[in-house]
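Below is one structure, written out as structure tokens; comments come after it.
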Amino acid sequence: MPLAIFSGGWLLHLRADWRQGVAAAGLMTLIIIAQRPQLAWIDVFAPHEPDLSAGVMAQIELEKGVLEGGEGNSSIQEFRPRWADATLALQEQPPALSPSPAISVTRANALDLEATAHVTVTTPLRFTDFYFPGWQVTLDGAPAATYPSTSLGVLTIDLPPGEHVIRKQWTHTPAQVVGTWISLLTLAVLVGVGWRPRRTRWLALLPALLLAGGLIGWFTPRPMTPTRPPAAPVQHRGVSLLGFQTDTTDVRRPVVRSFWAVTAPPDDLRLRWQVLTLAGAVVGDVTTRPFYNASSTTLWPVGAIVDDVVAAPVPAGLPPGDYRLAVALIDAAATDLTSPIVIGDFTLPAAPVDPMPAVSATARFADAIQLTGYDYRGATTDNASSLPYVAAGDHLWVTLHWATTQTLAENYHAFVHLVDGSGRPLAQEDHIPGPLFAPPAGWTPGRSYADAYLLRIPADAPGGVYWPTVGMYTFADQERLPAYANAADQQAGVGADAVRLSPIKVVGKTRRPSPQHAISARVGDAFEVLGYDISTPDRRVHPGESVTLTLYYRSLTPTSADLTRFVHLYAPENGMMAQHDSPPTDGLNPTWAWRTGEIIKDQVTLTVSPDAAPGAARLLLGFYDIAAGAERIPTYDATGAALPDAAIPLAEIEIAP
């Protein structure tokens, strides 16, 4: 893009008229097209609107193993301060606070927080943010001394005895301030340079817009939302709820931001959130770990105000209106779930809407995961057949729609394998569902998540019927989750390691063949026989030997019949010498799936009976429909005349003595 802009600008600088403008536009277009990225192989991300929220990013970091004591390369290590433990684990908890301070959070947003506190002795107050020079904490309006504490390197101040108003806000580091002003001044210079020549003043528009946006963003304060205190106390062994906020700005992903005070080392806890009607009926229920099911209360240091965020358990289609919010703290090892306590009301402005699949499904995986439906994109369905088809060499998108009945403990991986009738894969795609933009551990019960898989059909793929096969597995040990076609199979324990979706037809790119022996015969009105190849050019075999035929057909019109093909080696005086009855292509490309104009290649191996009598025998080809009583399909020669016994004569074969 910079090369195109500078090249086009140079042409305009030489002479600014309409011809030069056209030449500049053409040159810029040519450069952009010539230098466009060739990254079709990386096109595996879901075509749906991506979710790059904090919860999704937390799940990605969790998958990389860095949020709870993991080590290794990760984007989080790029900004982890040197005073924070490399594993991001709380190595040793500070002692419990005694006496406990009285704290109340009044206002907050994603970065800033305002609170009041009453302490009787000097007490450390921690925030669950990395300490950085860009943080500013004021105590009663005056800057307070900040420092990192614990092995997590969290932002900390010391509260002297008395009543205090605390405000934490991000004000940027000195390096960020200098860098921002250099950028803004550079944009201002570009505006001046572009504005001076009248004929090129339009070039000043882009830097002017960037400059205006930068100034507005720099000087606009971040508003803080009032925090609501709980209607009833919620606490558990040193952890107590200070207040909460609900954010339904994006009704598709409503969240609950809660603020907790930690006065003693907490246990490993889960948070059970419920959404209830005003009459008390539960409409949403989720038990999750902190911060979008990606963190742990064992990382909450003593003396901290914890700012936690979880996805609100609002099911899809919940009517807009007023609802109640309830929460409980539960020991991770507890088998009985504590009933949540109602802490307040909130208003849902609109009903959340999830993407709807084109085809419904009832498959289940393990105990809680459901496949509610799927879509095919890239496949075509016409009036001639209800079977969707895709050509060899094309791409097929398979979009799965997932749901869960409970919060998942880990990010399972999923796969879609396109397999033929014998189970052999033709194309496949594996990834964390989403991919990456909807990890399973972040799923909210009652919601549906679209998950797209790109299957690249090989250009030399043989034509036939294929089935997208879906499964899930744990990445660490590659163990597949048990898969059930429906709830009844799950209840009965009748499962497998994957489930099949509805079939797809792949149309092979076979050119019109040049068989060794061309013939012209027709089978009913559905298809014609073009010829065959034979493994014995001299057409002479011995008893017990095998003959391989490669037959070529061309479909004339679709048929719903599932025909069986027979090849007989027969002599009137000696009877049947050899025969082979089976669906064409051994059922991998059945006749009911053939498309108009499709060329089908069908290989048959005949084994001559060991006691076959010497002499001449006729090689015959025909078809019959088992569903119609095994009645043979009429066959016709090149003139349209019906052939005897509905059998096409292929060749005379000599049985050698």
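To be explicit about the labels: the chains of the structure tokens are called A, B, and onward in the order shown, and within each one the residues are counted from 1, while ligands get numbers from 1 in the order they are shown.
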For this session: Considering only C-alpha atoms, return as an MDAnalysis selection string whatever protein or nucleic-acid residues lie within 12 Å of Pro558 of chain A, sequence-local ones (same chain, fewer than 3 positions apart) excluded.
Result: chainID A and resid 382:387 524:527 554:555 561:562 590:598
Selected residues written out, N, CA and C atoms, as a CSV table (one decimal), in the first residue's frame:
```
chain,number,residue,atom,x,y,z
A,382,ASP,N,-29.3,-28.3,-6.5
A,382,ASP,CA,-30.2,-27.9,-7.5
A,382,ASP,C,-31.5,-28.7,-7.5
A,383,ASN,N,-32.4,-28.4,-8.4
A,383,ASN,CA,-33.7,-29.1,-8.4
A,383,ASN,C,-33.6,-30.6,-8.8
A,384,ALA,N,-32.5,-30.9,-9.5
A,384,ALA,CA,-32.4,-32.3,-10.0
A,384,ALA,C,-32.2,-33.3,-8.9
A,385,SER,N,-31.5,-32.8,-7.8
A,385,SER,CA,-31.2,-33.7,-6.7
A,385,SER,C,-31.1,-32.9,-5.4
A,386,SER,N,-31.5,-33.5,-4.3
A,386,SER,CA,-31.4,-32.8,-3.0
A,386,SER,C,-30.0,-33.0,-2.4
A,387,LEU,N,-29.2,-33.8,-3.0
A,387,LEU,CA,-27.8,-34.0,-2.5
A,387,LEU,C,-26.9,-32.9,-2.9
A,524,GLY,N,-31.3,-48.0,-19.4
A,524,GLY,CA,-32.5,-47.3,-19.2
A,524,GLY,C,-32.4,-45.9,-19.9
A,525,ASP,N,-32.9,-44.9,-19.2
A,525,ASP,CA,-32.7,-43.5,-19.6
A,525,ASP,C,-31.7,-42.8,-18.8
A,526,ALA,N,-31.0,-43.5,-17.8
A,526,ALA,CA,-30.2,-42.8,-16.8
A,526,ALA,C,-28.8,-42.5,-17.3
A,527,PHE,N,-28.2,-43.5,-17.9
A,527,PHE,CA,-26.7,-43.4,-18.3
A,527,PHE,C,-26.4,-44.3,-19.4
A,554,ARG,N,-21.4,-42.6,-18.6
A,554,ARG,CA,-21.7,-41.2,-18.6
A,554,ARG,C,-23.1,-41.0,-18.2
A,555,SER,N,-23.4,-40.2,-17.1
A,555,SER,CA,-24.7,-40.0,-16.7
A,555,SER,C,-25.5,-39.1,-17.6
A,561,ALA,N,-32.8,-44.3,-8.2
A,561,ALA,CA,-32.6,-45.8,-8.0
A,561,ALA,C,-31.1,-46.1,-7.6
A,562,ASP,N,-31.0,-46.9,-6.6
A,562,ASP,CA,-29.7,-47.4,-6.2
A,562,ASP,C,-29.4,-48.8,-6.9
A,590,PRO,N,-22.6,-44.3,-5.8
A,590,PRO,CA,-23.8,-45.0,-6.2
A,590,PRO,C,-24.6,-44.3,-7.3
A,591,THR,N,-25.4,-45.0,-8.0
A,591,THR,CA,-26.1,-44.4,-9.2
A,591,THR,C,-27.0,-43.3,-8.8
A,592,TRP,N,-27.6,-43.3,-7.5
A,592,TRP,CA,-28.5,-42.3,-7.1
A,592,TRP,C,-27.8,-40.9,-6.9
A,593,ALA,N,-26.5,-41.0,-6.9
A,593,ALA,CA,-25.8,-39.7,-6.7
A,593,ALA,C,-25.1,-39.2,-8.0
A,594,TRP,N,-25.3,-39.9,-9.1
A,594,TRP,CA,-24.7,-39.4,-10.3
A,594,TRP,C,-25.4,-38.2,-10.8
A,595,ARG,N,-24.5,-37.2,-11.3
A,595,ARG,CA,-25.0,-36.0,-11.9
A,595,ARG,C,-25.0,-36.0,-13.4
A,596,THR,N,-25.9,-35.3,-14.0
A,596,THR,CA,-25.9,-35.2,-15.5
A,596,THR,C,-24.6,-34.8,-16.1
A,597,GLY,N,-24.1,-35.6,-17.0
A,597,GLY,CA,-22.8,-35.3,-17.7
A,597,GLY,C,-21.6,-35.9,-16.9
A,598,GLU,N,-21.8,-36.4,-15.7
A,598,GLU,CA,-20.7,-37.0,-15.0
A,598,GLU,C,-20.1,-38.2,-15.6
```
Problem set entry | Within 7 Å of Thr298 of chain A using only C-alpha atoms, minus same-chain residues under 3 positions, as a PyMOL selection string | chain A and resi 266-268
Include C-alpha atoms and write out the residues we just selected as an mmCIF file, in the first residue's frame.
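Heads up, here's the output in result.cif:
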```cif
data_model
loop_
_atom_site.group_PDB
_atom_site.id
_atom_site.type_symbol
_atom_site.label_atom_id
_atom_site.label_comp_id
_atom_site.auth_asym_id
_atom_site.auth_seq_id
_atom_site.Cartn_x
_atom_site.Cartn_y
_atom_site.Cartn_z
ATOM 1 C CA PRO A 266 -8.995 -17.944 49.425
ATOM 2 C CA ASP A 267 -9.729 -21.539 48.581
ATOM 3 C CA ASP A 268 -10.065 -22.749 44.995
#
```
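Every protein, DNA or RNA residue with an atom at most 7 Å from Thr404 of chain A, where only C-alpha atoms count and chain neighbours fewer than 5 positions away do not, is listed here: A:Ala368, A:Ile369, A:Gln370, A:Pro445, A:Gly446.
Between Asp451 of chain A and the residues A:Asp430, A:Asp85, A:Asp17, A:Glu92, the shortest atom-to-atom distance, using only C-alpha atoms, involves A:Asp430.
Of the residues listed (A:Ile305, A:Ala212, A:Leu190, A:Ala110), A:Ile305 shows the shortest atom-to-atom separation from Val239 of chain A; distances use only C-alpha atoms.
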Exercise. Counting only C-alpha atoms, which of A:Ile31, A:Leu184, A:Val416, A:Val359 gets nearest to Leu396 of chain A?
Worked result: A:Val416
For this session: Would you work out the distance separating atom CA of Arg456 of chain A from atom CA of His417 of chain A, expressed in Å to one decimal?
Result: 10.8 Å
Contacts of segment 128-132 of chain A within 6 Å, only C-alpha atoms, excl. fewer than 2 positions in-chain, as a tab-separated table (two decimals) with N, CA and C atoms, in the first residue's frame:
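Below is the file around.tsv, written as the result:
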```
chain	number	residue	atom	x	y	z
A	134	GLY	N	2.79	3.64	34.38
A	134	GLY	CA	1.66	4.38	33.85
A	134	GLY	C	0.44	4.41	34.76
A	135	TRP	N	0.43	3.57	35.80
A	135	TRP	CA	-0.68	3.60	36.74
A	135	TRP	C	-0.52	4.77	37.72
A	148	PRO	N	5.15	-2.66	43.31
A	148	PRO	CA	4.69	-4.02	43.04
A	148	PRO	C	4.80	-4.89	44.28
A	153	GLY	N	3.54	-9.39	41.06
A	153	GLY	CA	3.91	-8.02	40.72
A	153	GLY	C	2.72	-7.10	40.56
A	154	VAL	N	1.72	-7.22	41.46
A	154	VAL	CA	0.50	-6.44	41.31
A	154	VAL	C	0.68	-5.04	41.90
A	155	LEU	N	-0.11	-4.11	41.37
A	155	LEU	CA	-0.10	-2.72	41.80
A	155	LEU	C	-0.57	-2.63	43.26
A	306	VAL	N	-10.44	-7.24	43.83
A	306	VAL	CA	-10.41	-8.04	42.61
A	306	VAL	C	-11.52	-7.56	41.68
```
For this session: Could you pull out the residues in segment 174-386 of chain A that DSSP calls strand (DSSP E) from the backbone, as a PyMOL selection string?
Result: chain A and resi 225-226+235-236+239-247+255-262+269-276+282-288+304-311+321-331+341-348+359-365+369-377+380-382+385-386
Seminar exercise, completed: In terms of only C-alpha atoms, the residue from A:His164, A:His517, A:His236, A:Arg377 at minimal distance from Val327 of chain A is A:His236
For this session: Taking the chain letters and numbering used in this document, name the residues of segment 135-347 of chain A that DSSP puts in alpha helix (DSSP H), as a ChimeraX atom specification.
Result: /A:174-195,205-219,290-293
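Pairwise distance (atom CA of Glu63 of chain A, atom CA of Leu111 of chain A) equals 24.6 Å.
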